[in-house]
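Enquirer: Got protein_0.cif for you, mmCIF, C-alpha atoms:
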data_query
loop_
_atom_site.label_atom_id
_atom_site.label_comp_id
_atom_site.auth_asym_id
_atom_site.auth_seq_id
_atom_site.Cartn_x
_atom_site.Cartn_y
_atom_site.Cartn_z
CA MET A 1 0.00 0.00 0.00
CA ASN A 2 1.24 3.49 -0.79
CA THR A 3 1.71 5.83 2.13
CA ALA A 4 0.61 9.43 2.56
CA PRO A 5 0.73 12.16 1.43
CA TYR A 6 -1.71 11.62 -1.43
CA ILE A 7 -2.37 13.95 -4.36
CA HIS A 8 -6.06 14.79 -4.77
CA CYS A 9 -7.34 14.57 -8.34
CA GLY A 10 -9.52 17.65 -7.87
CA GLN A 11 -12.76 15.69 -8.27
CA SER A 12 -15.36 15.02 -5.61
CA THR A 13 -18.67 13.20 -5.50
CA THR A 14 -20.49 16.52 -5.23
CA LEU A 15 -18.77 17.97 -8.29
CA GLN A 16 -19.31 14.79 -10.29
CA MET A 17 -23.01 14.73 -9.44
CA LEU A 18 -23.31 18.41 -10.34
CA ASP A 19 -21.69 17.72 -13.71
CA ALA A 20 -23.99 14.74 -14.29
CA ALA A 21 -27.03 16.86 -13.49
CA ILE A 22 -25.85 19.62 -15.85
CA ALA A 23 -25.35 17.02 -18.60
CA LEU A 24 -28.98 15.91 -18.19
CA LEU A 25 -30.40 19.43 -18.36
CA PRO A 26 -30.54 19.66 -22.19
CA ALA A 27 -32.59 16.45 -22.36
CA ALA A 28 -34.79 17.64 -19.48
CA ALA A 29 -35.35 21.01 -21.18
CA GLY A 30 -36.16 19.20 -24.42
CA ALA A 31 -38.71 17.03 -22.61
CA VAL A 32 -40.45 20.14 -21.30
CA TRP A 33 -40.34 21.73 -24.77
CA PHE A 34 -41.77 18.68 -26.52
CA PHE A 35 -44.25 17.50 -23.89
CA GLY A 36 -45.15 20.68 -22.00
CA LEU A 37 -46.01 21.23 -18.36
CA ARG A 38 -46.76 17.55 -17.78
CA ALA A 39 -43.10 16.74 -18.38
CA ALA A 40 -42.05 19.55 -16.04
CA ALA A 41 -44.36 18.20 -13.36
CA MET A 42 -42.96 14.66 -13.73
CA LEU A 43 -39.38 15.93 -13.48
CA LEU A 44 -40.13 17.96 -10.36
CA LEU A 45 -42.08 15.14 -8.72
CA ALA A 46 -39.29 12.64 -9.37
CA VAL A 47 -36.58 14.91 -7.96
CA ALA A 48 -38.72 15.76 -4.92
CA ALA A 49 -39.50 12.09 -4.30
CA ALA A 50 -35.83 11.15 -4.58
CA ALA A 51 -34.86 13.84 -2.08
CA ALA A 52 -37.67 12.90 0.32
CA THR A 53 -36.75 9.22 0.13
CA GLN A 54 -33.11 9.83 0.96
CA PHE A 55 -34.19 12.14 3.78
CA LEU A 56 -36.36 9.36 5.20
CA TRP A 57 -33.39 7.01 5.01
CA GLN A 58 -31.30 9.71 6.74
CA GLU A 59 -28.86 9.80 3.85
CA LEU A 60 -29.63 13.07 2.10
CA ARG A 61 -27.20 14.03 -0.64
CA THR A 62 -29.00 16.65 -2.68
CA LEU A 63 -26.96 16.50 -5.89
CA THR A 64 -27.06 12.70 -5.95
CA VAL A 65 -30.82 12.66 -5.69
CA LEU A 66 -31.03 15.34 -8.39
CA VAL A 67 -29.35 13.02 -10.89
CA THR A 68 -31.41 10.01 -9.81
CA GLY A 69 -34.64 12.01 -9.95
CA LEU A 70 -33.93 13.49 -13.38
CA LEU A 71 -33.03 10.12 -14.86
CA SER A 72 -36.02 8.40 -13.25
CA ALA A 73 -38.37 10.89 -14.93
CA LEU A 74 -36.57 10.95 -18.28
CA LEU A 75 -36.89 7.17 -18.58
CA LEU A 76 -40.69 7.43 -18.43
CA PRO A 77 -43.09 8.28 -21.26
CA ALA A 78 -44.84 11.64 -21.02
CA ARG A 79 -48.20 9.85 -21.14
CA ALA A 80 -47.45 8.03 -17.88
CA ALA A 81 -49.53 8.81 -14.83
CA LEU A 82 -47.96 11.46 -12.63
CA TRP A 83 -47.54 8.98 -9.77
CA ALA A 84 -45.13 6.90 -11.86
CA ALA A 85 -42.33 9.49 -11.63
CA PRO A 86 -42.16 9.70 -7.82
CA LEU A 87 -42.70 5.95 -7.48
CA GLY A 88 -39.78 5.19 -9.81
CA ALA A 89 -37.55 7.66 -7.95
CA PHE A 90 -38.60 6.20 -4.58
CA LEU A 91 -37.73 2.67 -5.70
CA ALA A 92 -34.42 3.80 -7.20
CA VAL A 93 -33.23 5.62 -4.09
CA SER A 94 -34.52 2.98 -1.67
CA VAL A 95 -32.69 0.13 -3.39
CA LYS A 96 -29.52 2.25 -3.63
CA VAL A 97 -29.58 2.93 0.11
CA LEU A 98 -30.45 -0.66 1.04
CA THR A 99 -27.56 -2.02 -1.06
CA GLY A 100 -24.93 0.08 0.68
CA GLY A 101 -25.59 3.66 -0.33
CA ILE A 102 -23.70 5.83 -2.78
CA GLY A 103 -20.55 4.17 -4.04
CA GLN A 104 -21.62 0.69 -2.93
CA ASN A 105 -24.72 -0.17 -4.96
CA TRP A 106 -24.48 -2.97 -7.51
CA TRP A 107 -27.21 -1.69 -9.83
CA ASN A 108 -27.86 1.60 -11.57
CA PRO A 109 -30.61 3.10 -9.39
CA ALA A 110 -32.59 4.86 -12.15
CA ALA A 111 -32.48 1.76 -14.37
CA LEU A 112 -33.68 -0.38 -11.48
CA GLY A 113 -36.57 1.99 -10.72
CA ARG A 114 -37.63 1.98 -14.38
CA ALA A 115 -37.37 -1.80 -14.66
CA ALA A 116 -39.64 -2.17 -11.64
CA LEU A 117 -42.33 -0.25 -13.53
CA LEU A 118 -42.08 -2.28 -16.74
CA SER A 119 -45.15 -4.34 -15.94
CA LEU A 120 -47.16 -1.11 -15.62
CA LEU A 121 -45.48 1.01 -18.30
CA CYS A 122 -43.96 -1.27 -20.91
CA PRO A 123 -42.82 0.64 -24.04
CA LEU A 124 -43.31 -0.64 -27.56
CA ALA A 125 -40.56 -2.68 -29.16
CA LEU A 126 -38.32 -0.47 -31.26
CA LYS A 127 -39.24 -2.43 -34.39
CA ASP A 128 -42.86 -1.31 -33.96
CA CYS A 129 -42.03 2.40 -33.57
CA GLN A 130 -41.80 4.99 -36.28
CA GLY A 131 -40.27 8.44 -36.16
CA THR A 132 -37.20 10.58 -36.73
CA PHE A 133 -34.99 9.55 -33.85
CA LEU A 134 -32.23 12.12 -34.30
CA MET A 135 -34.27 15.30 -34.01
CA ALA A 136 -37.46 14.48 -32.12
CA TYR A 137 -38.82 11.00 -31.40
CA LEU A 138 -41.96 11.47 -29.34
CA ASP A 139 -43.31 7.94 -28.95
CA GLY A 140 -40.93 6.70 -26.28
CA ALA A 141 -39.51 7.94 -23.00
CA MET A 142 -39.15 11.67 -22.45
CA GLY A 143 -35.38 11.37 -22.44
CA GLU A 144 -35.43 9.76 -25.89
CA ALA A 145 -37.12 12.75 -27.50
CA SER A 146 -33.97 14.28 -29.00
CA THR A 147 -30.71 12.45 -29.59
CA LEU A 148 -29.03 15.77 -30.39
CA LEU A 149 -29.82 17.11 -26.91
CA LEU A 150 -28.49 13.93 -25.33
CA LEU A 151 -25.30 14.30 -27.36
CA VAL A 152 -24.89 17.84 -26.02
CA GLY A 153 -24.99 16.41 -22.50
CA ALA A 154 -22.61 13.58 -23.44
CA ALA A 155 -20.18 16.12 -24.92
CA TYR A 156 -20.25 18.03 -21.63
CA LEU A 157 -19.45 14.84 -19.70
CA ALA A 158 -16.58 14.13 -22.08
CA MET A 159 -15.26 17.66 -21.64
CA ARG A 160 -15.35 17.14 -17.86
CA HIS A 161 -13.58 13.76 -18.24
CA LEU A 162 -16.58 11.93 -16.81
CA LEU A 163 -17.53 9.88 -19.87
CA PRO A 164 -15.75 6.50 -19.79
CA TRP A 165 -14.87 5.93 -23.44
CA ALA A 166 -13.91 2.33 -22.68
CA VAL A 167 -17.61 1.73 -21.96
CA ALA A 168 -19.42 4.17 -24.27
CA VAL A 169 -17.53 3.44 -27.51
CA PRO A 170 -17.76 -0.39 -27.24
CA TYR A 171 -21.44 0.02 -26.35
CA LEU A 172 -22.14 2.06 -29.48
CA CYS A 173 -20.08 -0.24 -31.70
CA ALA A 174 -21.81 -3.33 -30.33
CA SER A 175 -25.22 -1.69 -30.83
CA PHE A 176 -24.44 -0.87 -34.45
CA LEU A 177 -23.02 -4.32 -35.28
CA THR A 178 -25.83 -6.14 -33.49
CA ALA A 179 -28.44 -4.06 -35.29
CA ALA A 180 -26.71 -4.82 -38.61
CA VAL A 181 -27.45 -8.54 -38.22
CA LEU A 182 -30.97 -8.25 -36.78
CA PRO A 183 -33.65 -8.48 -39.46
CA PRO A 184 -35.21 -6.05 -40.34
CA CYS A 185 -33.27 -3.66 -38.10
CA ASP A 186 -31.64 -0.48 -39.44
CA PRO A 187 -28.32 -0.03 -37.60
CA LEU A 188 -28.20 3.69 -38.38
CA ALA A 189 -31.66 4.20 -36.88
CA VAL A 190 -30.62 2.32 -33.74
CA ILE A 191 -27.52 4.49 -33.29
CA CYS A 192 -29.62 7.63 -33.84
CA TRP A 193 -32.19 6.49 -31.28
CA GLY A 194 -32.10 8.41 -28.02
CA GLY A 195 -32.34 5.20 -26.00
CA THR A 196 -28.98 4.07 -27.36
CA ILE A 197 -27.29 7.33 -26.32
CA LEU A 198 -28.99 7.22 -22.92
CA GLY A 199 -27.70 3.71 -22.40
CA ALA A 200 -24.18 4.31 -23.69
CA CYS A 201 -23.42 7.73 -22.19
CA PHE A 202 -25.60 8.07 -19.10
CA LEU A 203 -26.80 4.72 -17.71
CA SER A 204 -24.02 2.24 -18.48
CA ALA A 205 -21.43 4.99 -17.84
CA ASP A 206 -22.47 5.34 -14.18
CA PRO A 207 -19.12 5.47 -12.31
CA VAL A 208 -20.40 3.39 -9.39
CA THR A 209 -21.84 0.45 -11.31
CA THR A 210 -19.25 0.47 -14.13
CA PRO A 211 -16.38 -2.05 -13.81
CA MET A 212 -13.00 -0.64 -12.85
CA GLY A 213 -10.49 -2.47 -15.04
CA LEU A 214 -10.03 -1.57 -18.71
CA THR A 215 -10.71 -5.11 -19.95
CA PHE A 216 -13.83 -5.44 -17.84
CA ARG A 217 -15.04 -2.01 -19.02
CA VAL A 218 -14.66 -2.87 -22.70
CA LEU A 219 -16.40 -6.22 -22.27
CA TYR A 220 -19.09 -4.53 -20.20
CA GLY A 221 -19.75 -1.99 -22.96
CA VAL A 222 -19.86 -4.68 -25.66
CA PHE A 223 -22.17 -6.94 -23.65
CA THR A 224 -24.54 -4.15 -22.65
CA GLY A 225 -24.73 -2.59 -26.12
CA ALA A 226 -25.45 -5.90 -27.82
CA VAL A 227 -28.02 -7.14 -25.30
CA ALA A 228 -29.72 -3.73 -25.06
CA THR A 229 -30.14 -3.61 -28.83
CA VAL A 230 -31.76 -7.04 -28.97
CA PHE A 231 -34.03 -6.40 -25.99
CA SER A 232 -35.09 -2.94 -27.14
CA PHE A 233 -35.63 -3.89 -30.79
CA TYR A 234 -37.66 -7.05 -30.22
CA GLY A 235 -38.93 -6.44 -26.70
CA TRP A 236 -39.43 -3.33 -24.62
CA GLY A 237 -37.82 -0.25 -26.16
CA ILE A 238 -36.12 1.76 -23.40
CA GLY A 239 -37.16 -1.02 -21.04
CA GLY A 240 -34.85 -3.34 -22.94
CA VAL A 241 -31.98 -0.92 -22.34
CA VAL A 242 -32.51 -0.78 -18.57
CA VAL A 243 -32.93 -4.57 -18.29
CA ALA A 244 -29.69 -5.10 -20.24
CA ILE A 245 -27.84 -2.64 -18.01
CA LEU A 246 -29.10 -4.34 -14.85
CA ALA A 247 -28.05 -7.73 -16.21
CA ALA A 248 -24.59 -6.35 -17.02
CA ASN A 249 -24.34 -4.72 -13.58
CA THR A 250 -25.05 -8.08 -11.94
CA ALA A 251 -22.81 -10.19 -14.16
CA PHE A 252 -19.77 -7.93 -14.12
CA ARG A 253 -19.94 -7.04 -10.43
CA ALA A 254 -20.05 -10.76 -9.70
CA ALA A 255 -17.12 -11.34 -12.08
CA GLU A 256 -15.10 -8.58 -10.41
CA THR A 257 -15.83 -10.04 -6.98
CA VAL A 258 -14.67 -13.51 -8.07
CA ALA A 259 -11.55 -12.08 -9.73
CA ALA A 260 -10.66 -10.11 -6.60
CA ARG A 261 -11.05 -13.17 -4.38
CA LEU A 262 -8.92 -15.28 -6.68
CA GLN A 263 -6.24 -12.60 -6.66
CA ASN A 264 -6.33 -12.37 -2.87
CA THR A 265 -6.07 -16.15 -2.62
CA ALA A 266 -3.07 -16.18 -4.96
CA GLU A 267 -1.34 -13.43 -2.98
CA LEU A 268 -1.90 -15.29 0.29
CA GLU A 269 -0.43 -18.47 -1.17
CA GLN A 270 2.71 -16.57 -2.15
CA VAL A 271 3.24 -15.23 1.36
#
Write the structure described by the file as structure tokens, please.
Expert:
Amino acid sequence: MNTAPYIHCGQSTTLQMLDAAIALLPAAAGAVWFFGLRAAAMLLLAVAAAAATQFLWQELRTLTVLVTGLLSALLLPARAALWAAPLGAFLAVSVKVLTGGIGQNWWNPAALGRAALLSLLCPLALKDCQGTFLMAYLDGAMGEASTLLLLVGAAYLAMRHLLPWAVAVPYLCASFLTAAVLPPCDPLAVICWGGTILGACFLSADPVTTPMGLTFRVLYGVFTGAVATVFSFYGWGIGGVVVAILAANTAFRAAETVAARLQNTAELEQV
């Protein structure tokens, strides 16, 4: 183990959460523009519910709940009942706290909250949807409405060195290649779909639930991008993305745990 003094990288959880929230603001503003006051109400209710839930668990971190609340609302369709936004945020924050709190949770909280609502709010399969995904796709989740606005947020994360390219790029490549072999899927349409950008740059890139090692990160991105494309195209749209991310969270956290134990065992045998 290295001894003190340590050099601080200049980052903190608060600053990272602030940057993540800023990156989501273009998509949130687009949701309000496209869907009106109902979208604004869902965003506010989700953020308020996330904050209230963490307060009840006596673990209030305002900027963390802001990100969780925004994502929980953006993963819902604008036509959803207003209660769905706070319920999704409540489930997301509760599971995060119960699995160890910030920095310890296995699963992406917003994805978990959305997956829990799939039986009530299951989107159409991507193959059954029509629309111009790049500019404004209004038949899915509010966060899918404009890929361009999501890319603005992703560019901000990249500028702040918070976008793990080892995850996002393999995710996008795997999505494109998987879509290229899925009949009758259009790989360009899949890449231009807001759900793909949400998955690659915001959900799978979560620093807590993303694997640490470079090899694990690349494999994680490839696995998640491929599975998310299949699930979203044939199954549940944005729901397929969140299910794929939760499956990857589980599989790769388990793999990291096994690898760490094997390494510890090997080190003990050498002593």
Enquirer: Using the chain letters and numbers from the file, which residues does the PyMOL selection byres ((chain A and resi 84-95) around 9) grab, as a count of residues only?
Expert: 46
Enquirer: Name the residues that the PyMOL selection byres ((chain A and resi 77) around 6) pulls out of this structure, and write them as a list of chain:residue names.
Expert: A:Leu76, A:Ala78, A:Arg79, A:Ala80, A:Gly140, A:Ala141, A:Met142
Enquirer: Might you pull out every residue within 6 Å of Phe176 (chain A), with all atoms listed in the file counted and same-chain residues fewer than 3 positions away left off, and present them as an mmCIF file with C-alpha atoms, in the frame of the given file?
Expert:
data_model
loop_
_atom_site.group_PDB
_atom_site.id
_atom_site.type_symbol
_atom_site.label_atom_id
_atom_site.label_comp_id
_atom_site.auth_asym_id
_atom_site.auth_seq_id
_atom_site.Cartn_x
_atom_site.Cartn_y
_atom_site.Cartn_z
ATOM 1 C CA CYS A 173 -20.080 -0.240 -31.700
ATOM 2 C CA ALA A 179 -28.440 -4.060 -35.290
ATOM 3 C CA PRO A 187 -28.320 -0.030 -37.600
#
Enquirer: One number please: CA of Cys185 (chain A) to CA of Lys127 (chain A), in Å, one decimal.
Expert: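 These two atoms are separated by 7.1 Å.
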Enquirer: What gap, in Å, lies between CA of Phe223 (chain A) and CA of Ile245 (chain A)?
Expert: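 Distance reported for this atom pair: 9.1 Å.
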Enquirer: Find the spatial neighbours of region 165-170 of chain A, counting all atoms listed in the file, within a cut-off of 10 Å - ignore same-chain residues fewer than 5 positions away - and output them as a PyMOL selection string.
Expert: chain A and resi 154+158+175-176+197+199-206+210-211+213-226
Enquirer: Counting all atoms listed in the file, give me one row per residue of region 120-228 of chain A with an atom at most 8 Å from an atom of region 22-35 of chain A, showing the shortest contact pair and its distance in Å to one decimal, sorted by chain then residue number, as a Markdown table.
Expert:
| residue | atom | partner | partner_atom | distance |
| --- | --- | --- | --- | --- |
| A:Leu138 | CA | A:Phe34 | CA | 7.7 |
| A:Met142 | CA | A:Ala31 | CA | 5.4 |
| A:Gly143 | CA | A:Ala27 | CA | 5.8 |
| A:Ala145 | CA | A:Ala31 | CA | 6.7 |
| A:Ser146 | CA | A:Gly30 | CA | 7.1 |
| A:Leu149 | CA | A:Ala27 | CA | 5.4 |
| A:Leu150 | CA | A:Ala27 | CA | 5.7 |
| A:Val152 | CA | A:Pro26 | CA | 7.1 |
| A:Gly153 | CA | A:Ala23 | CA | 4.0 |
| A:Ala154 | CA | A:Ala23 | CA | 6.5 |
| A:Tyr156 | CA | A:Ala23 | CA | 6.0 |
| A:Leu157 | CA | A:Ala23 | CA | 6.4 |
Enquirer: At a cut-off of 6 Å around the point (-19.1, 13.5, -15.6) (file coordinates), what residues fall inside when counting only C-alpha atoms? I'd like the answer as a list of chain:residue names.
Expert: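 Returned residue set, sorted by chain then number, is A:Gln16, A:Asp19, A:Ala20, A:Leu157, A:Arg160, A:Leu162, A:Leu163.
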Enquirer: Please determine, counting only C-alpha atoms, which residue among A:Val208, A:Ala155, A:Leu63, A:Ala266 has the shortest atom-to-atom distance to Asn249 (chain A).
Expert: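 For Asn249 (chain A), the nearest of the candidates is A:Val208.
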Enquirer: If I wrap all listed atoms of region 29-45 of chain A in a box with edges along x, y and z and add 3 Å on each side, what are its centre and edge lengths in Å to one decimal, as JSON?
Expert:
{"center_x": -41.1, "center_y": 18.2, "center_z": -17.6, "size_x": 17.4, "size_y": 13.1, "size_z": 23.8}
Enquirer: Exactly which residues make up the result of the PyMOL selection byres ((chain A and resi 190) around 10) on this file, given as a list in words?
Expert: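 Going through the file, the PyMOL selection byres ((chain A and resi 190) around 10) ends up selecting Leu126, Lys127, Phe133, Leu134, Leu172, Ser175, Phe176, Thr178, Ala179, Ala180, Cys185, Asp186, Pro187, Leu188, Ala189, Ile191, Cys192, Trp193, Gly194, Gly195, Thr196, Ile197, Thr229, Ser232 and Phe233 of chain A.
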Enquirer: Between A:Glu256, A:Asn264, A:Thr250, A:Leu124, which residue has the minimum interatomic distance to Phe231 (chain A), considering all atoms listed in the file?
Expert: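 Using all atoms listed in the file, the shortest distance to Phe231 (chain A) belongs to A:Leu124.
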Enquirer: Would you mind reading off the distance between CA of Glu144 (chain A) and CA of Cys122 (chain A), one decimal, in Å?
Expert: 14.8 Å
Enquirer: Please, could all heavy atoms be added to region 13-24 of chain A and the result written as a PDB file, keeping the file's coordinate frame?
Expert:
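Okay, out28.pdb is ready:
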ATOM      1  N   THR A  13     -17.349  13.726  -5.163  1.00  0.00           N
ATOM      2  CA  THR A  13     -18.670  13.200  -5.500  1.00  0.00           C
ATOM      3  C   THR A  13     -19.645  14.322  -5.805  1.00  0.00           C
ATOM      4  O   THR A  13     -20.442  14.237  -6.746  1.00  0.00           O
ATOM      5  CB  THR A  13     -19.190  12.335  -4.342  1.00  0.00           C
ATOM      6  OG1 THR A  13     -18.280  11.264  -4.101  1.00  0.00           O
ATOM      7  CG2 THR A  13     -20.559  11.778  -4.669  1.00  0.00           C
ATOM      8  N   THR A  14     -19.581  15.394  -5.019  1.00  0.00           N
ATOM      9  CA  THR A  14     -20.490  16.520  -5.230  1.00  0.00           C
ATOM     10  C   THR A  14     -20.299  17.141  -6.596  1.00  0.00           C
ATOM     11  O   THR A  14     -21.274  17.400  -7.321  1.00  0.00           O
ATOM     12  CB  THR A  14     -20.278  17.588  -4.138  1.00  0.00           C
ATOM     13  OG1 THR A  14     -20.539  17.000  -2.859  1.00  0.00           O
ATOM     14  CG2 THR A  14     -21.209  18.766  -4.353  1.00  0.00           C
ATOM     15  N   LEU A  15     -19.048  17.368  -6.978  1.00  0.00           N
ATOM     16  CA  LEU A  15     -18.770  17.970  -8.290  1.00  0.00           C
ATOM     17  C   LEU A  15     -19.188  17.036  -9.422  1.00  0.00           C
ATOM     18  O   LEU A  15     -19.726  17.479 -10.440  1.00  0.00           O
ATOM     19  CB  LEU A  15     -17.292  18.329  -8.407  1.00  0.00           C
ATOM     20  CG  LEU A  15     -16.813  19.535  -7.596  1.00  0.00           C
ATOM     21  CD1 LEU A  15     -15.305  19.703  -7.735  1.00  0.00           C
ATOM     22  CD2 LEU A  15     -17.531  20.798  -8.056  1.00  0.00           C
ATOM     23  N   GLN A  16     -18.937  15.748  -9.250  1.00  0.00           N
ATOM     24  CA  GLN A  16     -19.310  14.790 -10.290  1.00  0.00           C
ATOM     25  C   GLN A  16     -20.826  14.725 -10.461  1.00  0.00           C
ATOM     26  O   GLN A  16     -21.329  14.665 -11.590  1.00  0.00           O
ATOM     27  CB  GLN A  16     -18.750  13.408  -9.958  1.00  0.00           C
ATOM     28  CG  GLN A  16     -17.243  13.313 -10.111  1.00  0.00           C
ATOM     29  CD  GLN A  16     -16.725  11.918  -9.825  1.00  0.00           C
ATOM     30  OE1 GLN A  16     -17.471  11.048  -9.348  1.00  0.00           O
ATOM     31  NE2 GLN A  16     -15.461  11.682 -10.083  1.00  0.00           N
ATOM     32  N   MET A  17     -21.551  14.741  -9.360  1.00  0.00           N
ATOM     33  CA  MET A  17     -23.010  14.730  -9.440  1.00  0.00           C
ATOM     34  C   MET A  17     -23.546  16.020 -10.051  1.00  0.00           C
ATOM     35  O   MET A  17     -24.518  16.010 -10.815  1.00  0.00           O
ATOM     36  CB  MET A  17     -23.613  14.510  -8.057  1.00  0.00           C
ATOM     37  CG  MET A  17     -23.372  13.130  -7.467  1.00  0.00           C
ATOM     38  SD  MET A  17     -24.078  11.777  -8.473  1.00  0.00           S
ATOM     39  CE  MET A  17     -22.593  11.177  -9.302  1.00  0.00           C
ATOM     40  N   LEU A  18     -22.908  17.145  -9.734  1.00  0.00           N
ATOM     41  CA  LEU A  18     -23.310  18.410 -10.340  1.00  0.00           C
ATOM     42  C   LEU A  18     -23.094  18.365 -11.845  1.00  0.00           C
ATOM     43  O   LEU A  18     -23.968  18.773 -12.623  1.00  0.00           O
ATOM     44  CB  LEU A  18     -22.514  19.558  -9.729  1.00  0.00           C
ATOM     45  CG  LEU A  18     -22.770  20.953 -10.329  1.00  0.00           C
ATOM     46  CD1 LEU A  18     -24.236  21.345 -10.170  1.00  0.00           C
ATOM     47  CD2 LEU A  18     -21.856  21.988  -9.688  1.00  0.00           C
ATOM     48  N   ASP A  19     -21.962  17.841 -12.277  1.00  0.00           N
ATOM     49  CA  ASP A  19     -21.690  17.720 -13.710  1.00  0.00           C
ATOM     50  C   ASP A  19     -22.686  16.782 -14.383  1.00  0.00           C
ATOM     51  O   ASP A  19     -23.160  17.044 -15.503  1.00  0.00           O
ATOM     52  CB  ASP A  19     -20.265  17.223 -13.950  1.00  0.00           C
ATOM     53  CG  ASP A  19     -19.219  18.306 -13.729  1.00  0.00           C
ATOM     54  OD1 ASP A  19     -19.536  19.491 -13.964  1.00  0.00           O
ATOM     55  OD2 ASP A  19     -18.090  17.967 -13.346  1.00  0.00           O
ATOM     56  N   ALA A  20     -23.020  15.676 -13.717  1.00  0.00           N
ATOM     57  CA  ALA A  20     -23.990  14.740 -14.290  1.00  0.00           C
ATOM     58  C   ALA A  20     -25.359  15.385 -14.427  1.00  0.00           C
ATOM     59  O   ALA A  20     -26.055  15.188 -15.425  1.00  0.00           O
ATOM     60  CB  ALA A  20     -24.076  13.482 -13.421  1.00  0.00           C
ATOM     61  N   ALA A  21     -25.743  16.168 -13.417  1.00  0.00           N
ATOM     62  CA  ALA A  21     -27.030  16.860 -13.490  1.00  0.00           C
ATOM     63  C   ALA A  21     -27.034  17.890 -14.616  1.00  0.00           C
ATOM     64  O   ALA A  21     -28.019  18.006 -15.360  1.00  0.00           O
ATOM     65  CB  ALA A  21     -27.327  17.540 -12.152  1.00  0.00           C
ATOM     66  N   ILE A  22     -25.948  18.629 -14.758  1.00  0.00           N
ATOM     67  CA  ILE A  22     -25.850  19.620 -15.850  1.00  0.00           C
ATOM     68  C   ILE A  22     -25.950  18.921 -17.204  1.00  0.00           C
ATOM     69  O   ILE A  22     -26.601  19.424 -18.124  1.00  0.00           O
ATOM     70  CB  ILE A  22     -24.535  20.410 -15.729  1.00  0.00           C
ATOM     71  CG1 ILE A  22     -24.575  21.317 -14.499  1.00  0.00           C
ATOM     72  CG2 ILE A  22     -24.280  21.242 -16.989  1.00  0.00           C
ATOM     73  CD1 ILE A  22     -23.260  22.000 -14.191  1.00  0.00           C
ATOM     74  N   ALA A  23     -25.315  17.740 -17.330  1.00  0.00           N
ATOM     75  CA  ALA A  23     -25.350  17.020 -18.600  1.00  0.00           C
ATOM     76  C   ALA A  23     -26.763  16.553 -18.957  1.00  0.00           C
ATOM     77  O   ALA A  23     -27.087  16.389 -20.141  1.00  0.00           O
ATOM     78  CB  ALA A  23     -24.410  15.810 -18.527  1.00  0.00           C
ATOM     79  N   LEU A  24     -27.603  16.348 -17.946  1.00  0.00           N
ATOM     80  CA  LEU A  24     -28.980  15.910 -18.190  1.00  0.00           C
ATOM     81  C   LEU A  24     -29.928  17.066 -18.485  1.00  0.00           C
ATOM     82  O   LEU A  24     -31.046  16.844 -18.965  1.00  0.00           O
ATOM     83  CB  LEU A  24     -29.501  15.121 -16.988  1.00  0.00           C
ATOM     84  CG  LEU A  24     -28.916  13.729 -16.773  1.00  0.00           C
ATOM     85  CD1 LEU A  24     -29.327  13.176 -15.416  1.00  0.00           C
ATOM     86  CD2 LEU A  24     -29.348  12.779 -17.885  1.00  0.00           C
TER      87      LEU A  24
END
